[in-house]
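> my_file_32.tsv is reproduced below (TSV, N, CA and C atoms).
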```tsv
chain	number	residue	atom	x	y	z
Q	1	MET	N	90.31	76.29	125.04
Q	1	MET	CA	89.40	76.99	124.14
Q	1	MET	C	89.66	76.58	122.71
Q	2	SER	N	88.59	76.48	121.95
Q	2	SER	CA	88.75	76.13	120.54
Q	2	SER	C	89.08	77.39	119.73
Q	3	VAL	N	89.84	77.19	118.69
Q	3	VAL	CA	90.24	78.29	117.83
Q	3	VAL	C	89.43	78.21	116.54
Q	4	SER	N	88.96	79.35	116.09
Q	4	SER	CA	88.18	79.39	114.85
Q	4	SER	C	88.52	80.65	114.07
Q	5	ILE	N	88.13	80.63	112.82
Q	5	ILE	CA	88.32	81.79	111.95
Q	5	ILE	C	86.93	82.31	111.58
Q	6	HIS	N	86.71	83.57	111.84
Q	6	HIS	CA	85.46	84.22	111.46
Q	6	HIS	C	85.69	84.88	110.10
Q	7	TRP	N	84.85	84.56	109.13
Q	7	TRP	CA	84.97	85.06	107.77
Q	7	TRP	C	83.77	85.92	107.43
Q	8	ARG	N	84.01	86.98	106.71
Q	8	ARG	CA	82.94	87.80	106.15
Q	8	ARG	C	83.24	87.90	104.66
Q	9	LEU	N	82.36	87.34	103.85
Q	9	LEU	CA	82.54	87.31	102.40
Q	9	LEU	C	81.45	88.14	101.74
Q	10	MET	N	81.83	88.91	100.73
Q	10	MET	CA	80.84	89.69	99.98
Q	10	MET	C	80.97	89.37	98.50
Q	11	PHE	N	79.87	88.86	97.95
Q	11	PHE	CA	79.82	88.49	96.55
Q	11	PHE	C	78.93	89.48	95.79
Q	12	ARG	N	79.33	89.84	94.59
Q	12	ARG	CA	78.50	90.67	93.73
Q	12	ARG	C	77.62	89.72	92.91
Q	13	VAL	N	76.37	89.57	93.35
Q	13	VAL	CA	75.40	88.70	92.70
Q	13	VAL	C	74.04	89.39	92.68
Q	14	LYS	N	73.12	88.87	91.88
Q	14	LYS	CA	71.83	89.56	91.75
Q	14	LYS	C	70.79	89.13	92.78
Q	15	ASP	N	70.92	87.92	93.33
Q	15	ASP	CA	69.93	87.47	94.31
Q	15	ASP	C	70.50	86.34	95.17
Q	16	GLN	N	69.70	85.88	96.12
Q	16	GLN	CA	70.17	84.84	97.04
Q	16	GLN	C	70.45	83.52	96.31
Q	17	ARG	N	69.72	83.25	95.28
Q	17	ARG	CA	69.97	82.02	94.52
Q	17	ARG	C	71.37	82.02	93.91
Q	18	ALA	N	71.76	83.15	93.35
Q	18	ALA	CA	73.12	83.28	92.79
Q	18	ALA	C	74.16	83.20	93.90
Q	19	LEU	N	73.86	83.78	95.06
Q	19	LEU	CA	74.77	83.68	96.20
Q	19	LEU	C	74.95	82.23	96.62
Q	20	ASP	N	73.85	81.49	96.66
Q	20	ASP	CA	73.92	80.07	97.04
Q	20	ASP	C	74.82	79.29	96.08
Q	21	ARG	N	74.78	79.62	94.79
Q	21	ARG	CA	75.66	78.95	93.83
Q	21	ARG	C	77.13	79.30	94.12
Q	22	CYS	N	77.40	80.57	94.40
Q	22	CYS	CA	78.78	80.98	94.74
Q	22	CYS	C	79.25	80.26	96.00
Q	23	LEU	N	78.38	80.18	97.00
Q	23	LEU	CA	78.76	79.50	98.25
Q	23	LEU	C	78.99	78.01	98.02
Q	24	ALA	N	78.19	77.40	97.19
Q	24	ALA	CA	78.36	75.96	96.91
Q	24	ALA	C	79.75	75.69	96.32
Q	25	ARG	N	80.25	76.61	95.51
Q	25	ARG	CA	81.60	76.46	94.95
Q	25	ARG	C	82.68	76.80	95.96
Q	26	THR	N	82.40	77.75	96.86
Q	26	THR	CA	83.41	78.30	97.76
Q	26	THR	C	83.55	77.52	99.07
Q	27	LEU	N	82.47	77.03	99.63
Q	27	LEU	CA	82.52	76.38	100.95
Q	27	LEU	C	83.52	75.23	101.05
Q	28	PRO	N	83.70	74.40	100.03
Q	28	PRO	CA	84.70	73.33	100.15
Q	28	PRO	C	86.13	73.83	100.42
Q	29	LEU	N	86.42	75.07	100.08
Q	29	LEU	CA	87.76	75.62	100.34
Q	29	LEU	C	88.06	75.76	101.83
Q	30	PHE	N	87.01	75.80	102.66
Q	30	PHE	CA	87.18	75.98	104.10
Q	30	PHE	C	87.37	74.66	104.84
Q	31	GLY	N	87.21	73.54	104.18
Q	31	GLY	CA	87.35	72.24	104.82
Q	31	GLY	C	86.12	71.90	105.64
Q	32	GLY	N	86.22	70.81	106.38
Q	32	GLY	CA	85.10	70.34	107.17
Q	32	GLY	C	84.80	71.22	108.36
Q	33	GLY	N	83.56	71.22	108.76
Q	33	GLY	CA	83.16	71.93	109.97
Q	33	GLY	C	82.82	73.39	109.78
Q	34	VAL	N	82.86	73.90	108.55
Q	34	VAL	CA	82.52	75.31	108.33
Q	34	VAL	C	81.03	75.50	108.58
Q	35	GLU	N	80.69	76.61	109.23
Q	35	GLU	CA	79.29	76.90	109.56
Q	35	GLU	C	78.91	78.24	108.96
Q	36	VAL	N	77.84	78.25	108.18
Q	36	VAL	CA	77.31	79.49	107.61
Q	36	VAL	C	76.41	80.12	108.66
Q	37	LEU	N	76.74	81.34	109.09
Q	37	LEU	CA	75.98	82.00	110.14
Q	37	LEU	C	74.86	82.88	109.59
Q	38	GLU	N	75.15	83.61	108.53
Q	38	GLU	CA	74.18	84.58	108.04
Q	38	GLU	C	74.45	84.89	106.57
Q	39	ARG	N	73.38	85.10	105.82
Q	39	ARG	CA	73.46	85.53	104.42
Q	39	ARG	C	72.42	86.61	104.23
Q	40	LYS	N	72.85	87.75	103.71
Q	40	LYS	CA	71.91	88.85	103.51
Q	40	LYS	C	72.49	89.87	102.53
Q	41	PRO	N	71.62	90.69	101.91
Q	41	PRO	CA	72.13	91.76	101.06
Q	41	PRO	C	72.86	92.79	101.94
Q	42	TYR	N	73.94	93.32	101.41
Q	42	TYR	CA	74.68	94.36	102.13
Q	42	TYR	C	73.86	95.64	102.09
Q	43	TRP	N	73.66	96.26	103.24
Q	43	TRP	CA	72.73	97.37	103.35
Q	43	TRP	C	73.14	98.59	102.51
Q	44	LYS	N	74.44	98.81	102.29
Q	44	LYS	CA	74.88	99.98	101.52
Q	44	LYS	C	74.79	99.76	100.01
Q	45	ILE	N	75.08	98.53	99.59
Q	45	ILE	CA	75.15	98.21	98.16
Q	45	ILE	C	74.35	96.94	97.94
Q	46	PRO	N	73.10	97.06	97.49
Q	46	PRO	CA	72.24	95.87	97.36
Q	46	PRO	C	72.76	94.80	96.41
Q	47	GLU	N	73.65	95.16	95.48
Q	47	GLU	CA	74.20	94.16	94.56
Q	47	GLU	C	75.22	93.27	95.24
Q	48	LEU	N	75.68	93.66	96.43
Q	48	LEU	CA	76.60	92.83	97.20
Q	48	LEU	C	75.82	92.03	98.22
Q	49	TRP	N	76.12	90.75	98.29
Q	49	TRP	CA	75.51	89.89	99.29
Q	49	TRP	C	76.58	89.46	100.27
Q	50	GLU	N	76.27	89.64	101.53
Q	50	GLU	CA	77.20	89.35	102.62
Q	50	GLU	C	76.92	87.98	103.21
Q	51	CYS	N	77.99	87.26	103.49
Q	51	CYS	CA	77.87	85.94	104.09
Q	51	CYS	C	78.89	85.83	105.22
Q	52	ASN	N	78.43	85.48	106.41
Q	52	ASN	CA	79.32	85.31	107.55
Q	52	ASN	C	79.46	83.83	107.85
Q	53	LEU	N	80.71	83.39	108.01
Q	53	LEU	CA	81.03	81.99	108.25
Q	53	LEU	C	81.96	81.87	109.45
Q	54	VAL	N	81.99	80.68	110.02
Q	54	VAL	CA	82.99	80.34	111.03
Q	54	VAL	C	83.57	78.99	110.64
Q	55	SER	N	84.89	78.92	110.59
Q	55	SER	CA	85.55	77.65	110.30
Q	55	SER	C	86.49	77.30	111.44
Q	56	PRO	N	86.48	76.05	111.87
Q	56	PRO	CA	87.37	75.65	112.95
Q	56	PRO	C	88.81	75.53	112.46
Q	57	VAL	N	89.74	75.68	113.39
Q	57	VAL	CA	91.16	75.49	113.10
Q	57	VAL	C	91.62	74.32	113.97
Q	58	ARG	N	92.28	73.38	113.33
Q	58	ARG	CA	92.79	72.25	114.11
Q	58	ARG	C	93.75	72.74	115.18
Q	59	ALA	N	93.70	72.09	116.31
Q	59	ALA	CA	94.62	72.44	117.40
Q	59	ALA	C	96.05	72.30	116.91
Q	60	GLY	N	96.89	73.15	117.38
Q	60	GLY	CA	98.29	73.12	116.99
Q	60	GLY	C	98.98	74.36	117.52
Q	61	THR	N	100.18	74.55	117.08
Q	61	THR	CA	100.93	75.73	117.51
Q	61	THR	C	100.33	76.97	116.87
Q	62	THR	N	100.69	78.12	117.39
Q	62	THR	CA	100.24	79.38	116.82
Q	62	THR	C	100.64	79.47	115.36
Q	63	ALA	N	101.86	79.06	115.05
Q	63	ALA	CA	102.34	79.11	113.66
Q	63	ALA	C	101.48	78.23	112.76
Q	64	GLU	N	101.07	77.05	113.22
Q	64	GLU	CA	100.23	76.16	112.43
Q	64	GLU	C	98.84	76.76	112.22
Q	65	GLN	N	98.32	77.44	113.24
Q	65	GLN	CA	97.01	78.08	113.12
Q	65	GLN	C	97.04	79.22	112.11
Q	66	VAL	N	98.09	80.04	112.18
Q	66	VAL	CA	98.24	81.15	111.23
Q	66	VAL	C	98.41	80.60	109.82
Q	67	LEU	N	99.21	79.57	109.66
Q	67	LEU	CA	99.41	78.98	108.33
Q	67	LEU	C	98.10	78.45	107.77
Q	68	ALA	N	97.31	77.76	108.57
Q	68	ALA	CA	96.02	77.24	108.11
Q	68	ALA	C	95.11	78.38	107.66
Q	69	CYS	N	95.11	79.45	108.40
Q	69	CYS	CA	94.30	80.61	108.07
Q	69	CYS	C	94.76	81.22	106.74
Q	70	LEU	N	96.06	81.42	106.59
Q	70	LEU	CA	96.60	82.02	105.38
Q	70	LEU	C	96.40	81.13	104.15
Q	71	LEU	N	96.53	79.83	104.32
Q	71	LEU	CA	96.32	78.92	103.19
Q	71	LEU	C	94.87	78.98	102.70
Q	72	THR	N	93.94	79.04	103.64
Q	72	THR	CA	92.53	79.16	103.25
Q	72	THR	C	92.29	80.49	102.56
Q	73	ALA	N	92.82	81.57	103.12
Q	73	ALA	CA	92.66	82.89	102.52
Q	73	ALA	C	93.22	82.91	101.10
Q	74	MET	N	94.38	82.33	100.89
Q	74	MET	CA	94.99	82.32	99.56
Q	74	MET	C	94.23	81.44	98.58
Q	75	SER	N	93.51	80.43	99.07
Q	75	SER	CA	92.69	79.63	98.16
Q	75	SER	C	91.47	80.42	97.68
Q	76	LEU	N	91.08	81.43	98.44
Q	76	LEU	CA	89.96	82.29	98.05
Q	76	LEU	C	90.38	83.38	97.07
Q	77	ALA	N	91.49	84.04	97.39
Q	77	ALA	CA	91.90	85.21	96.61
Q	77	ALA	C	93.35	85.57	96.92
Q	78	SER	N	93.90	86.41	96.06
Q	78	SER	CA	95.25	86.94	96.31
Q	78	SER	C	95.14	88.43	96.60
Q	79	GLY	N	96.15	88.97	97.24
Q	79	GLY	CA	96.18	90.40	97.53
Q	79	GLY	C	95.58	90.77	98.88
Q	80	TRP	N	95.70	89.90	99.86
Q	80	TRP	CA	95.18	90.17	101.20
Q	80	TRP	C	96.05	91.20	101.93
Q	81	TYR	N	95.42	92.06	102.70
Q	81	TYR	CA	96.10	92.99	103.60
Q	81	TYR	C	96.03	92.36	104.98
Q	82	ILE	N	97.18	92.04	105.57
Q	82	ILE	CA	97.23	91.31	106.84
Q	82	ILE	C	97.46	92.29	108.00
Q	83	LEU	N	96.70	92.09	109.08
Q	83	LEU	CA	96.75	92.96	110.25
Q	83	LEU	C	96.96	92.15	111.52
Q	84	GLY	N	97.32	92.82	112.60
Q	84	GLY	CA	97.39	92.18	113.90
Q	84	GLY	C	98.80	91.93	114.35
Q	85	SER	N	98.89	91.55	115.60
Q	85	SER	CA	100.20	91.24	116.16
Q	85	SER	C	100.23	89.77	116.54
Q	86	LEU	N	101.37	89.17	116.35
Q	86	LEU	CA	101.54	87.75	116.64
Q	86	LEU	C	102.62	87.57	117.68
Q	87	SER	N	102.49	86.51	118.43
Q	87	SER	CA	103.56	86.08	119.33
Q	87	SER	C	103.62	84.56	119.24
Q	88	ALA	N	104.62	83.97	119.83
Q	88	ALA	CA	104.74	82.51	119.80
Q	88	ALA	C	103.58	81.85	120.54
Q	89	GLU	N	102.95	82.58	121.45
Q	89	GLU	CA	101.88	82.01	122.27
Q	89	GLU	C	100.48	82.29	121.74
Q	90	SER	N	100.32	83.32	120.90
Q	90	SER	CA	98.97	83.71	120.53
Q	90	SER	C	98.90	84.37	119.15
Q	91	ALA	N	97.81	84.08	118.48
Q	91	ALA	CA	97.51	84.74	117.21
Q	91	ALA	C	96.22	85.53	117.36
Q	92	GLU	N	95.85	85.83	118.58
Q	92	GLU	CA	94.62	86.55	118.86
Q	92	GLU	C	94.59	87.87	118.10
Q	93	ARG	N	93.47	88.13	117.43
Q	93	ARG	CA	93.23	89.34	116.64
Q	93	ARG	C	94.08	89.40	115.38
Q	94	PHE	N	94.60	88.26	114.91
Q	94	PHE	CA	95.26	88.19	113.62
Q	94	PHE	C	94.15	88.24	112.58
Q	95	SER	N	94.24	89.15	111.63
Q	95	SER	CA	93.15	89.32	110.67
Q	95	SER	C	93.66	89.75	109.31
Q	96	GLY	N	92.76	89.73	108.35
Q	96	GLY	CA	93.11	90.14	107.00
Q	96	GLY	C	91.89	90.65	106.26
Q	97	VAL	N	92.16	91.46	105.24
Q	97	VAL	CA	91.11	92.05	104.42
Q	97	VAL	C	91.49	91.90	102.95
Q	98	PHE	N	90.52	91.54	102.13
Q	98	PHE	CA	90.69	91.43	100.69
Q	98	PHE	C	89.70	92.36	100.01
Q	99	ASN	N	90.16	93.06	98.97
Q	99	ASN	CA	89.30	93.93	98.19
Q	99	ASN	C	89.66	93.76	96.72
Q	100	SER	N	88.72	93.33	95.93
Q	100	SER	CA	89.01	93.11	94.51
Q	100	SER	C	89.28	94.41	93.76
Q	101	LYS	N	88.87	95.53	94.33
Q	101	LYS	CA	89.11	96.83	93.70
Q	101	LYS	C	90.56	97.27	93.89
Q	102	GLY	N	91.26	96.66	94.83
Q	102	GLY	CA	92.66	96.97	95.07
Q	102	GLY	C	93.54	96.16	94.13
Q	103	GLN	N	94.58	95.58	94.65
Q	103	GLN	CA	95.49	94.80	93.84
Q	103	GLN	C	95.17	93.31	93.87
Q	104	GLY	N	94.13	92.92	94.57
Q	104	GLY	CA	93.81	91.51	94.70
Q	104	GLY	C	92.84	91.02	93.64
Q	105	SER	N	92.72	89.71	93.57
Q	105	SER	CA	91.73	89.11	92.69
Q	105	SER	C	91.29	87.77	93.26
Q	106	ALA	N	89.99	87.49	93.10
Q	106	ALA	CA	89.45	86.21	93.54
Q	106	ALA	C	89.93	85.13	92.57
Q	107	SER	N	90.04	83.92	93.09
Q	107	SER	CA	90.56	82.85	92.25
Q	107	SER	C	89.66	81.63	92.28
Q	108	GLY	N	89.72	80.85	91.21
Q	108	GLY	CA	89.04	79.57	91.12
Q	108	GLY	C	87.58	79.61	91.52
Q	109	PRO	N	87.22	78.78	92.51
Q	109	PRO	CA	85.82	78.68	92.91
Q	109	PRO	C	85.24	79.96	93.51
Q	110	ALA	N	86.09	80.88	93.95
Q	110	ALA	CA	85.62	82.09	94.62
Q	110	ALA	C	85.40	83.24	93.65
Q	111	VAL	N	85.32	82.96	92.36
Q	111	VAL	CA	85.06	84.02	91.39
Q	111	VAL	C	83.74	84.69	91.76
Q	112	GLY	N	83.72	86.00	91.72
Q	112	GLY	CA	82.55	86.77	92.16
Q	112	GLY	C	82.75	87.37	93.53
Q	113	LEU	N	83.78	86.93	94.23
Q	113	LEU	CA	84.09	87.49	95.54
Q	113	LEU	C	84.66	88.90	95.33
Q	114	GLU	N	84.02	89.87	95.94
Q	114	GLU	CA	84.46	91.25	95.77
Q	114	GLU	C	85.18	91.78	97.00
Q	115	TRP	N	84.79	91.35	98.18
Q	115	TRP	CA	85.41	91.83	99.42
Q	115	TRP	C	85.33	90.70	100.44
Q	116	ALA	N	86.34	90.59	101.29
Q	116	ALA	CA	86.33	89.56	102.32
Q	116	ALA	C	87.21	89.99	103.48
Q	117	SER	N	86.95	89.41	104.63
Q	117	SER	CA	87.83	89.61	105.79
Q	117	SER	C	87.84	88.33	106.61
Q	118	PHE	N	88.89	88.16	107.40
Q	118	PHE	CA	88.95	87.05	108.35
Q	118	PHE	C	89.52	87.56	109.66
Q	119	ASP	N	89.17	86.87	110.72
Q	119	ASP	CA	89.64	87.19	112.06
Q	119	ASP	C	89.89	85.87	112.77
Q	120	LEU	N	91.12	85.59	113.11
Q	120	LEU	CA	91.50	84.36	113.79
Q	120	LEU	C	91.43	84.58	115.29
Q	121	GLY	N	90.74	83.70	115.99
Q	121	GLY	CA	90.65	83.87	117.44
Q	121	GLY	C	89.99	82.69	118.12
Q	122	THR	N	89.91	82.76	119.43
Q	122	THR	CA	89.25	81.72	120.20
Q	122	THR	C	87.75	81.92	120.15
Q	123	SER	N	87.03	80.89	120.50
Q	123	SER	CA	85.58	80.96	120.43
Q	123	SER	C	85.01	82.01	121.38
Q	124	GLY	N	85.75	82.41	122.37
Q	124	GLY	CA	85.28	83.44	123.29
Q	124	GLY	C	85.76	84.83	122.96
Q	125	SER	N	86.38	85.02	121.80
Q	125	SER	CA	86.94	86.32	121.45
Q	125	SER	C	85.86	87.26	120.95
Q	126	ALA	N	86.23	88.50	120.74
Q	126	ALA	CA	85.31	89.52	120.29
Q	126	ALA	C	84.78	89.23	118.90
Q	127	GLU	N	83.77	89.98	118.50
Q	127	GLU	CA	83.17	89.84	117.18
Q	127	GLU	C	84.23	90.07	116.10
Q	128	PRO	N	84.04	89.45	114.93
Q	128	PRO	CA	84.97	89.66	113.83
Q	128	PRO	C	84.97	91.10	113.34
Q	129	LEU	N	86.01	91.46	112.61
Q	129	LEU	CA	86.12	92.81	112.05
Q	129	LEU	C	85.01	93.09	111.07
```
Here is the file; what I need is its structure written in the form of structure tokens.

Amino acid sequence: MSVSIHWRLMFRVKDQRALDRCLARTLPLFGGGVEVLERKPYWKIPELWECNLVSPVRAGTTAEQVLACLLTAMSLASGWYILGSLSAESAERFSGVFNSKGQGSASGPAVGLEWASFDLGTSGSAEPL
């Protein structure tokens, strides 16, 4: 089974055009093979635009997969809250949440990122958080 990271990014922007500019700066941080699944205004807060992505993780040990996930997350922002249980054999349901209102802050190309989450798992795993 292939391993991928499901990302949910929320940017505070005024319209889809502004979101597209934020994504153009942010997508290179995910490396090759990233797929944008959906872009839409967040139903609770119209000023937030939600974007769902999937990025592949190169085959490797569980530790290498977790490291790749964390390095990508840190290139987006600092102050992630990390969840899940790990073992030497699996990183299934390893996840994280970022909130700019907490102690975190978006960095570099991801400026404007207000909230994000990731979920590391196999392509057959459950929906992201």
> Can you tell me, as a PyMOL selection string, which residues in chain Q count as alpha helix (DSSP H) by DSSP?
chain Q and resi 16-26+62-76
> Just want the 10 Å neighbourhood of stretch 22-25 of chain Q, counted on only C-alpha atoms, with same-chain residues fewer than 3 positions away dropped. Output as a list in words.
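Returned residues: Leu9, Phe11, Arg12, Val13, Gln16, Arg17, Ala18, Leu19, Pro28, Leu29, Val36, Cys51, Gly108, Pro109, Ala110, Val111, Gly112 and Leu113 of chain Q.
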> Quick one: everything within 10 Å of Q:Ser100, counting only C-alpha atoms, minus sequence neighbours fewer than 6 positions away in the same chain. Send it as a count of residues only.
10
> Using atom C of Q:Ala73 and atom N of Q:Arg93 as the two end points, give the distance in Å to one decimal.
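Atom N of Q:Arg93 lies at a distance of 17.1 Å from atom C of Q:Ala73.
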> Write out as a short mmCIF file (atom, residue, chain, number, x, y, z; two decimals) with N, CA and C atoms, in the frame of the given file all residues of chain Q that backbone DSSP assigns to strand (DSSP E or B).

```
data_model
loop_
_atom_site.label_atom_id
_atom_site.label_comp_id
_atom_site.auth_asym_id
_atom_site.auth_seq_id
_atom_site.Cartn_x
_atom_site.Cartn_y
_atom_site.Cartn_z
N VAL Q 3 89.84 77.19 118.69
CA VAL Q 3 90.24 78.29 117.83
C VAL Q 3 89.43 78.21 116.54
N SER Q 4 88.96 79.35 116.09
CA SER Q 4 88.18 79.39 114.85
C SER Q 4 88.52 80.65 114.07
N ILE Q 5 88.13 80.63 112.82
CA ILE Q 5 88.32 81.79 111.95
C ILE Q 5 86.93 82.31 111.58
N HIS Q 6 86.71 83.57 111.84
CA HIS Q 6 85.46 84.22 111.46
C HIS Q 6 85.69 84.88 110.10
N TRP Q 7 84.85 84.56 109.13
CA TRP Q 7 84.97 85.06 107.77
C TRP Q 7 83.77 85.92 107.43
N ARG Q 8 84.01 86.98 106.71
CA ARG Q 8 82.94 87.80 106.15
C ARG Q 8 83.24 87.90 104.66
N LEU Q 9 82.36 87.34 103.85
CA LEU Q 9 82.54 87.31 102.40
C LEU Q 9 81.45 88.14 101.74
N MET Q 10 81.83 88.91 100.73
CA MET Q 10 80.84 89.69 99.98
C MET Q 10 80.97 89.37 98.50
N PHE Q 11 79.87 88.86 97.95
CA PHE Q 11 79.82 88.49 96.55
C PHE Q 11 78.93 89.48 95.79
N ARG Q 12 79.33 89.84 94.59
CA ARG Q 12 78.50 90.67 93.73
C ARG Q 12 77.62 89.72 92.91
N GLU Q 35 80.69 76.61 109.23
CA GLU Q 35 79.29 76.90 109.56
C GLU Q 35 78.91 78.24 108.96
N VAL Q 36 77.84 78.25 108.18
CA VAL Q 36 77.31 79.49 107.61
C VAL Q 36 76.41 80.12 108.66
N LEU Q 37 76.74 81.34 109.09
CA LEU Q 37 75.98 82.00 110.14
C LEU Q 37 74.86 82.88 109.59
N GLU Q 38 75.15 83.61 108.53
CA GLU Q 38 74.18 84.58 108.04
C GLU Q 38 74.45 84.89 106.57
N ARG Q 39 73.38 85.10 105.82
CA ARG Q 39 73.46 85.53 104.42
C ARG Q 39 72.42 86.61 104.23
N LYS Q 40 72.85 87.75 103.71
CA LYS Q 40 71.91 88.85 103.51
C LYS Q 40 72.49 89.87 102.53
N PRO Q 41 71.62 90.69 101.91
CA PRO Q 41 72.13 91.76 101.06
C PRO Q 41 72.86 92.79 101.94
N LEU Q 48 75.68 93.66 96.43
CA LEU Q 48 76.60 92.83 97.20
C LEU Q 48 75.82 92.03 98.22
N TRP Q 49 76.12 90.75 98.29
CA TRP Q 49 75.51 89.89 99.29
C TRP Q 49 76.58 89.46 100.27
N GLU Q 50 76.27 89.64 101.53
CA GLU Q 50 77.20 89.35 102.62
C GLU Q 50 76.92 87.98 103.21
N CYS Q 51 77.99 87.26 103.49
CA CYS Q 51 77.87 85.94 104.09
C CYS Q 51 78.89 85.83 105.22
N ASN Q 52 78.43 85.48 106.41
CA ASN Q 52 79.32 85.31 107.55
C ASN Q 52 79.46 83.83 107.85
N LEU Q 53 80.71 83.39 108.01
CA LEU Q 53 81.03 81.99 108.25
C LEU Q 53 81.96 81.87 109.45
N VAL Q 54 81.99 80.68 110.02
CA VAL Q 54 82.99 80.34 111.03
C VAL Q 54 83.57 78.99 110.64
N SER Q 55 84.89 78.92 110.59
CA SER Q 55 85.55 77.65 110.30
C SER Q 55 86.49 77.30 111.44
N PRO Q 56 86.48 76.05 111.87
CA PRO Q 56 87.37 75.65 112.95
C PRO Q 56 88.81 75.53 112.46
N ALA Q 77 91.49 84.04 97.39
CA ALA Q 77 91.90 85.21 96.61
C ALA Q 77 93.35 85.57 96.92
N SER Q 78 93.90 86.41 96.06
CA SER Q 78 95.25 86.94 96.31
C SER Q 78 95.14 88.43 96.60
N TYR Q 81 95.42 92.06 102.70
CA TYR Q 81 96.10 92.99 103.60
C TYR Q 81 96.03 92.36 104.98
N ILE Q 82 97.18 92.04 105.57
CA ILE Q 82 97.23 91.31 106.84
C ILE Q 82 97.46 92.29 108.00
N LEU Q 83 96.70 92.09 109.08
CA LEU Q 83 96.75 92.96 110.25
C LEU Q 83 96.96 92.15 111.52
N PHE Q 94 94.60 88.26 114.91
CA PHE Q 94 95.26 88.19 113.62
C PHE Q 94 94.15 88.24 112.58
N SER Q 95 94.24 89.15 111.63
CA SER Q 95 93.15 89.32 110.67
C SER Q 95 93.66 89.75 109.31
N GLY Q 96 92.76 89.73 108.35
CA GLY Q 96 93.11 90.14 107.00
C GLY Q 96 91.89 90.65 106.26
N VAL Q 97 92.16 91.46 105.24
CA VAL Q 97 91.11 92.05 104.42
C VAL Q 97 91.49 91.90 102.95
N PHE Q 98 90.52 91.54 102.13
CA PHE Q 98 90.69 91.43 100.69
C PHE Q 98 89.70 92.36 100.01
N ASN Q 99 90.16 93.06 98.97
CA ASN Q 99 89.30 93.93 98.19
C ASN Q 99 89.66 93.76 96.72
N SER Q 105 92.72 89.71 93.57
CA SER Q 105 91.73 89.11 92.69
C SER Q 105 91.29 87.77 93.26
N ALA Q 106 89.99 87.49 93.10
CA ALA Q 106 89.45 86.21 93.54
C ALA Q 106 89.93 85.13 92.57
N LEU Q 113 83.78 86.93 94.23
CA LEU Q 113 84.09 87.49 95.54
C LEU Q 113 84.66 88.90 95.33
N GLU Q 114 84.02 89.87 95.94
CA GLU Q 114 84.46 91.25 95.77
C GLU Q 114 85.18 91.78 97.00
N TRP Q 115 84.79 91.35 98.18
CA TRP Q 115 85.41 91.83 99.42
C TRP Q 115 85.33 90.70 100.44
N ALA Q 116 86.34 90.59 101.29
CA ALA Q 116 86.33 89.56 102.32
C ALA Q 116 87.21 89.99 103.48
N SER Q 117 86.95 89.41 104.63
CA SER Q 117 87.83 89.61 105.79
C SER Q 117 87.84 88.33 106.61
N PHE Q 118 88.89 88.16 107.40
CA PHE Q 118 88.95 87.05 108.35
C PHE Q 118 89.52 87.56 109.66
N ASP Q 119 89.17 86.87 110.72
CA ASP Q 119 89.64 87.19 112.06
C ASP Q 119 89.89 85.87 112.77
N LEU Q 120 91.12 85.59 113.11
CA LEU Q 120 91.50 84.36 113.79
C LEU Q 120 91.43 84.58 115.29
N GLY Q 121 90.74 83.70 115.99
CA GLY Q 121 90.65 83.87 117.44
C GLY Q 121 89.99 82.69 118.12
N THR Q 122 89.91 82.76 119.43
CA THR Q 122 89.25 81.72 120.20
C THR Q 122 87.75 81.92 120.15
#
```
> To one decimal place, how far is atom CA of Q:Thr72 from atom CA of Q:Ser2 in Å?
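Atom CA of Q:Ser2 lies 18.0 Å from atom CA of Q:Thr72.
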> As an exercise, work out the distance from atom C of Q:Glu92 to atom C of Q:Glu38 in Å and give it to one decimal place.
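Going from atom C of Q:Glu92 over to atom C of Q:Glu38, I get 23.4 Å.
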> Closest to Q:His6 among Q:Ser75, Q:Asn52, Q:Thr26, Q:Ser90, using all atoms listed in the file?
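Nearest candidate to Q:His6 out of Q:Ser75, Q:Asn52, Q:Thr26, Q:Ser90: Q:Asn52.
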> Excluding same-chain residues fewer than 5 positions from Q:Lys14, what lies within 8 Å of it counting all atoms listed in the file, as a list in words?
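Surrounding residues, per the criterion: Leu19, Pro46, Glu47, Leu48 and Trp49 of chain Q.
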